[in-house]
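Colleague: This is the structure I have questions about; it appears just below.
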2 protein chains.
Amino acid sequence: MSEIRVSPDQLRGLLARILGGAGMSAANAEIIAGRIVAAERDGAHSHGLIRLAGYLSSLKSGWVDGRATPAVEDAAPGLAAVDARNGFAQIALAAGTEPLLAKARANGIAALLIRNSHHFCALWPDVEPIAEAGFVAFAFVNARSRVMPWGGTRKLFGTNPMAFACPRRAGPPMVWDQASSIRAQGDVLLAAKRGETLPPGIGFDAEGRPTTDPGAVIAGGAIAPFGGHKGSSIALMVELMAAALTGGRFGFEDAAAAFPGAQTSNAGEAIIAIDPRRVAGDAFLDRAETLMRQLVEDGDARLPGDRRYAHRRDAMANGIPIARTDYDELRAQAG
Amino acid sequence: MSEIRVSPDQLRGLLARILGGAGMSAANAEIIAGRIVAAERDGAHSHGLIRLAGYLSSLKSGWVDGRATPAVEDAAPGLAAVDARNGFAQIALAAGTEPLLAKARANGIAALLIRNSHHFCALWPDVEPIAEAGFVAFAFVNARSRVMPWGGTRKLFGTNPMAFACPRRAGPPMVWDQASSIRAQGDVLLAAKRGETLPPGIGFDAEGRPTTDPGAVIAGGAIAPFGGHKGSSIALMVELMAAALTGGRFGFEDAAAAFPGAQTSNAGEAIIAIDPRRVAGDAFLDRAETLMRQLVEDGDARLPGDRRYAHRRDAMANGIPIARTDYDELRAQAG
């Protein structure tokens, strides 16, 4: 397979043209194209180019509004809210980030609560810029039901990712982003496509019985939460934070099924930003570094995100690797 | 074994006298006695009467100050900070709760950052009253190193519990409280005492090798995080929130070893409170109930905390069950 290298800007331009051609406004298309490129650049392929088809079919289905202009509300001195107006969450986040940071600067802590939004990207890009601006940040996103609560018999929670970011003295922030499920939905789809079985403890069929058949998981079954009842509690927290708190929809209320081809969920997102200097002072960054040094100096332990940053350095220096056939197809789609 | 029932007030009075006799101020002793009783009342025995000896030996060692008066600082419109002055975290929390709630009411979100504190109680009682007051709440507490980071070879994190609480329309809040470790330190101690082995995947010896010998885990070894690398990321987050953000000590910096008998850690605690009505309005409680109903109506799934509340109802109606020999011993200790 012949591989070429393309610059992030070049790839973003191509993707923005394709998304614009599918009905997105130019400004919105730029933001989503940037997120797909960021994932591909960081080697996070599950949220990279492989998602383009899902964006396009969701737009085509009429389920998500690619031209949505989010409405930002000043809900409280420490709270900004955004109605994404059935658009992508990243557009709402872009509109709400400055209010969030201004509130966090003024009060030491603030939250941004987004509802009526579709989140189809990785979650780490939502918090990385907040940490780059000097804040400790949390993010919570829910999505359509795919995960079975501990002790349950049917899916209820989404794969419900949570992300956490902490600024660092030098270099990019420490950022983790992890699903509440023991496996990504994408891994189950991939196993089904390849005709493989799942390891035990991952999946349930539509009757709630354990199964190793990925097809049975996809056909109305469910994925287990990570870490047993503890991951289930985290999935419940994410659902409450991203939907109940924002005024958004729960995963089990998602109505995408009425729109054939729709792959995204209309749900919500909550972000918290804390100014770490207000109490710990400028020493905060040194203190955080003291802990992280202990971690990376031991065995094979490493900081969450380090693998992504290694991919990023390579991509920024040499371009993003992409199969020539994929690139030619993107160029054809972009017209 | 003959068992009697004692009222929560009666038991708290006894414990407060014992703790006062060990050098705690009367007000501080009341708070800690109340926490031990709350755990015993809720059937959370690992943080109940079994901990009394640890409190007493920690006080006797001189490592913790039972008479500490915490210093509350108004750090920002949304942030209150407390220097626990080497006392128990619950005393600092009691001093900081009103400032925290006032800030959360005014701004929609606020945090309380406690440093120089010893947390030896369960964590759920820290957030339950905040949710009773109408707020969604998070808590993070670090402690001396006992947990090995994923991929590491030596202990670094504490068992680092995190708690989450959400108000409910009727009855007590939904509250979970879970360690970042796959097993509680208390379970490992119990296995050692009973001469049992641990299941595989729980423990490591002092050289970082997997072991099923609880004695090897206690003798400089480590416990695994829950849920693999995801629990390890959560333990890292808790360490940053509870120590770096508050200006407190990391678990690996704990100096208790210089005080023979000391069982507590001088570390920190962070609490976040969010007013859920500022964005979602009064509908919040109904929305949260809609989700929780889905959960409890399915199979053996149940809300985190439900088992504790069942114990509590029984204890409030009939008294807290306690072995007669234990009760007689407490009375003798109280003098």
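The way I read the labels, and the way they are meant: chains A, B, ... in the order of the structure tokens, residue 1 as the first residue of every chain, and ligand 1 as the first ligand shown, with later ones counted on from there.
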At a cut-off of 8 Å, which residues of chain A touch chain B? Count only C-alpha atoms and give the answer as number ranges by chain.
Modeller: A: 75-79, 81, 106-111, 113, 149-154, 156, 164, 176, 178, 226-228, 230-231, 233, 237, 240, 244-247, 250, 276-280, 284, 287-288, 291, 294-295, 298-302, 304
Colleague: Excluding Ala255 (chain B) and residues on its chain fewer than 3 positions from it, collect all residues at most 10 Å away from it, counting only C-alpha atoms, and give them as a short mmCIF file (atom, residue, chain, number, x, y, z; two decimals) with C-alpha atoms, in the first residue's frame.
Modeller:
data_model
loop_
_atom_site.label_atom_id
_atom_site.label_comp_id
_atom_site.auth_asym_id
_atom_site.auth_seq_id
_atom_site.Cartn_x
_atom_site.Cartn_y
_atom_site.Cartn_z
CA TRP B 63 1.31 12.84 63.58
CA ARG B 144 -0.21 7.78 51.02
CA ARG B 249 1.04 16.82 49.72
CA GLY B 251 0.74 10.46 48.51
CA PHE B 252 4.40 9.64 47.86
CA ALA B 258 8.49 8.99 61.09
CA PHE B 259 5.58 8.72 63.56
CA ALA B 262 0.38 6.86 62.54
CA SER B 265 -1.91 10.54 55.63
CA ASN B 266 -1.29 14.28 55.52
#
Colleague: How would you write, as a PyMOL selection string, the set of residues in region 246-310 of chain B that DSSP gives as alpha helix (DSSP H)?
Modeller: chain B and resi 277-280+283-296+306-310
Colleague: Find the residues near Met1 (chain B): any atom within 9 Å, counting only C-alpha atoms, skip ones fewer than 6 places away on the same chain, and give them as a VMD selection string.
Modeller: chain B and resid 323 to 325
Colleague: Write out as a PyMOL selection string the residues lying within 12 Å of Leu14 (chain A), counting only C-alpha atoms and excluding same-chain residues fewer than 2 positions away.
Modeller: chain A and resi 6-12+16-21+29-30+32-34+36-37+49+52+327-335
Colleague: Interatomic distance between CA of Glu207 (chain A) and CA of Ala224 (chain A)?
Modeller: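 It comes out at 13.9 Å.
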Colleague: Nearest to Gln185 (chain A) among A:Thr69, A:Ser46, A:Ser58, A:Ser25, with distances taken over only C-alpha atoms: which residue is it?
Modeller: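 Looking only at the distances to Gln185 (chain A), the closest residue turns out to be A:Ser46.
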Colleague: I'd like the neighbourhood of Ile50 (chain A) as a list in words, where a residue qualifies if any of its atoms comes within 12 Å (using only C-alpha atoms), though same-chain residues fewer than 2 positions away should be ignored.
Modeller: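 The neighbour list is Ile36, Val37, Ala39, Glu40, Gly43, Ala44, His45, Ser46, His47, Gly48, Leu52, Ala53, Gly54, Tyr55, Leu56, Phe120, Cys121, Gly186, Leu190, Ile322, Asp326 and Leu330 of chain A.
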Colleague: Put those residues in a file: C-alpha atoms, as a PDB file, in the first residue's frame.
Modeller:
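After the write, part.pdb holds the following:
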ATOM      1  CA  ILE A  36     -10.823  15.025  12.046  1.00  0.00           C
ATOM      2  CA  VAL A  37      -7.335  16.204  11.090  1.00  0.00           C
ATOM      3  CA  ALA A  39      -7.293  12.922  15.426  1.00  0.00           C
ATOM      4  CA  GLU A  40      -5.510  11.627  12.304  1.00  0.00           C
ATOM      5  CA  GLY A  43      -2.649   8.689  15.408  1.00  0.00           C
ATOM      6  CA  ALA A  44      -6.130   8.515  16.960  1.00  0.00           C
ATOM      7  CA  HIS A  45      -7.467   6.829  13.834  1.00  0.00           C
ATOM      8  CA  SER A  46     -10.750   5.687  15.398  1.00  0.00           C
ATOM      9  CA  HIS A  47     -11.820   9.355  15.418  1.00  0.00           C
ATOM     10  CA  GLY A  48      -9.975  10.388  12.252  1.00  0.00           C
ATOM     11  CA  LEU A  52     -15.895  11.092   7.613  1.00  0.00           C
ATOM     12  CA  ALA A  53     -18.485   8.717   6.139  1.00  0.00           C
ATOM     13  CA  GLY A  54     -20.468   8.890   9.406  1.00  0.00           C
ATOM     14  CA  TYR A  55     -20.487  12.698   9.322  1.00  0.00           C
ATOM     15  CA  LEU A  56     -21.624  12.711   5.715  1.00  0.00           C
ATOM     16  CA  PHE A 120     -18.871  12.555  16.980  1.00  0.00           C
ATOM     17  CA  CYS A 121     -15.226  13.591  17.589  1.00  0.00           C
ATOM     18  CA  GLY A 186     -15.652   0.910  16.957  1.00  0.00           C
ATOM     19  CA  LEU A 190     -14.287  -3.946  13.559  1.00  0.00           C
ATOM     20  CA  ILE A 322      -2.275   8.601   4.525  1.00  0.00           C
ATOM     21  CA  ASP A 326      -7.535   7.270   0.394  1.00  0.00           C
ATOM     22  CA  LEU A 330     -10.747  12.499  -0.757  1.00  0.00           C
TER      23      LEU A 330
END
Colleague: Could you tell me, as an MDAnalysis selection string, which residues of region 112-262 of chain A DSSP assigns to strand (DSSP E or B) when given the backbone?
Modeller: chainID A and resid 112:118 136:141 147 157 162:166 174:178 181 203:204 210:211 222:223 225
Colleague: Please identify all polymer residues within 12 Å of Ala310 (chain A), counting only C-alpha atoms, omitting same-chain residues fewer than 3 positions from it, and present them as a PyMOL selection string.
Modeller: chain A and resi 41-44+171-172+303-307+313-317
Colleague: Create the file for the chosen residues now, containing N, CA and C atoms and written as a PDB file, in the first residue's frame.
Modeller:
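What landed in result10.pdb:
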ATOM      1  N   ARG A  41      -3.786  13.255  12.821  1.00  0.00           N
ATOM      2  CA  ARG A  41      -2.429  13.755  13.117  1.00  0.00           C
ATOM      3  C   ARG A  41      -1.860  13.080  14.367  1.00  0.00           C
ATOM      4  N   ASP A  42      -2.718  12.860  15.372  1.00  0.00           N
ATOM      5  CA  ASP A  42      -2.280  12.271  16.644  1.00  0.00           C
ATOM      6  C   ASP A  42      -2.322  10.744  16.633  1.00  0.00           C
ATOM      7  N   GLY A  43      -2.590  10.144  15.470  1.00  0.00           N
ATOM      8  CA  GLY A  43      -2.649   8.689  15.408  1.00  0.00           C
ATOM      9  C   GLY A  43      -3.896   8.102  16.052  1.00  0.00           C
ATOM     10  N   ALA A  44      -4.879   8.966  16.344  1.00  0.00           N
ATOM     11  CA  ALA A  44      -6.130   8.515  16.960  1.00  0.00           C
ATOM     12  C   ALA A  44      -7.114   8.173  15.840  1.00  0.00           C
ATOM     13  N   GLY A 171       5.642  22.278  27.157  1.00  0.00           N
ATOM     14  CA  GLY A 171       5.031  21.286  26.281  1.00  0.00           C
ATOM     15  C   GLY A 171       3.539  21.205  26.470  1.00  0.00           C
ATOM     16  N   PRO A 172       2.928  20.304  25.731  1.00  0.00           N
ATOM     17  CA  PRO A 172       1.462  20.205  25.746  1.00  0.00           C
ATOM     18  C   PRO A 172       0.947  19.663  27.073  1.00  0.00           C
ATOM     19  N   LEU A 303       2.669   8.942  30.718  1.00  0.00           N
ATOM     20  CA  LEU A 303       1.556   9.867  30.902  1.00  0.00           C
ATOM     21  C   LEU A 303       0.500   9.612  29.845  1.00  0.00           C
ATOM     22  N   PRO A 304      -0.778   9.680  30.261  1.00  0.00           N
ATOM     23  CA  PRO A 304      -1.836   9.577  29.253  1.00  0.00           C
ATOM     24  C   PRO A 304      -1.593  10.641  28.182  1.00  0.00           C
ATOM     25  N   GLY A 305      -1.764  10.284  26.937  1.00  0.00           N
ATOM     26  CA  GLY A 305      -1.601  11.241  25.853  1.00  0.00           C
ATOM     27  C   GLY A 305      -0.217  11.237  25.224  1.00  0.00           C
ATOM     28  N   ASP A 306       0.767  10.631  25.897  1.00  0.00           N
ATOM     29  CA  ASP A 306       2.138  10.693  25.378  1.00  0.00           C
ATOM     30  C   ASP A 306       2.280  10.056  23.996  1.00  0.00           C
ATOM     31  N   ARG A 307       1.550   8.953  23.784  1.00  0.00           N
ATOM     32  CA  ARG A 307       1.626   8.299  22.487  1.00  0.00           C
ATOM     33  C   ARG A 307       1.059   9.212  21.388  1.00  0.00           C
ATOM     34  N   ARG A 313       4.152  14.995  16.877  1.00  0.00           N
ATOM     35  CA  ARG A 313       5.465  15.561  16.526  1.00  0.00           C
ATOM     36  C   ARG A 313       5.903  15.088  15.150  1.00  0.00           C
ATOM     37  N   ASP A 314       5.706  13.792  14.905  1.00  0.00           N
ATOM     38  CA  ASP A 314       6.092  13.242  13.606  1.00  0.00           C
ATOM     39  C   ASP A 314       5.259  13.865  12.485  1.00  0.00           C
ATOM     40  N   ALA A 315       3.942  13.996  12.731  1.00  0.00           N
ATOM     41  CA  ALA A 315       3.057  14.518  11.683  1.00  0.00           C
ATOM     42  C   ALA A 315       3.342  15.987  11.405  1.00  0.00           C
ATOM     43  N   MET A 316       3.672  16.756  12.459  1.00  0.00           N
ATOM     44  CA  MET A 316       3.949  18.175  12.261  1.00  0.00           C
ATOM     45  C   MET A 316       5.269  18.353  11.492  1.00  0.00           C
ATOM     46  N   ALA A 317       6.219  17.450  11.701  1.00  0.00           N
ATOM     47  CA  ALA A 317       7.517  17.553  11.025  1.00  0.00           C
ATOM     48  C   ALA A 317       7.458  17.004   9.606  1.00  0.00           C
TER      49      ALA A 317
END
Colleague: For CA of Val141 (chain B) and CA of Val64 (chain B), quote the distance in Å rounded to one decimal.
Modeller: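 Taking CA of Val141 (chain B) as the start and CA of Val64 (chain B) as the end point, the length is 16.8 Å.
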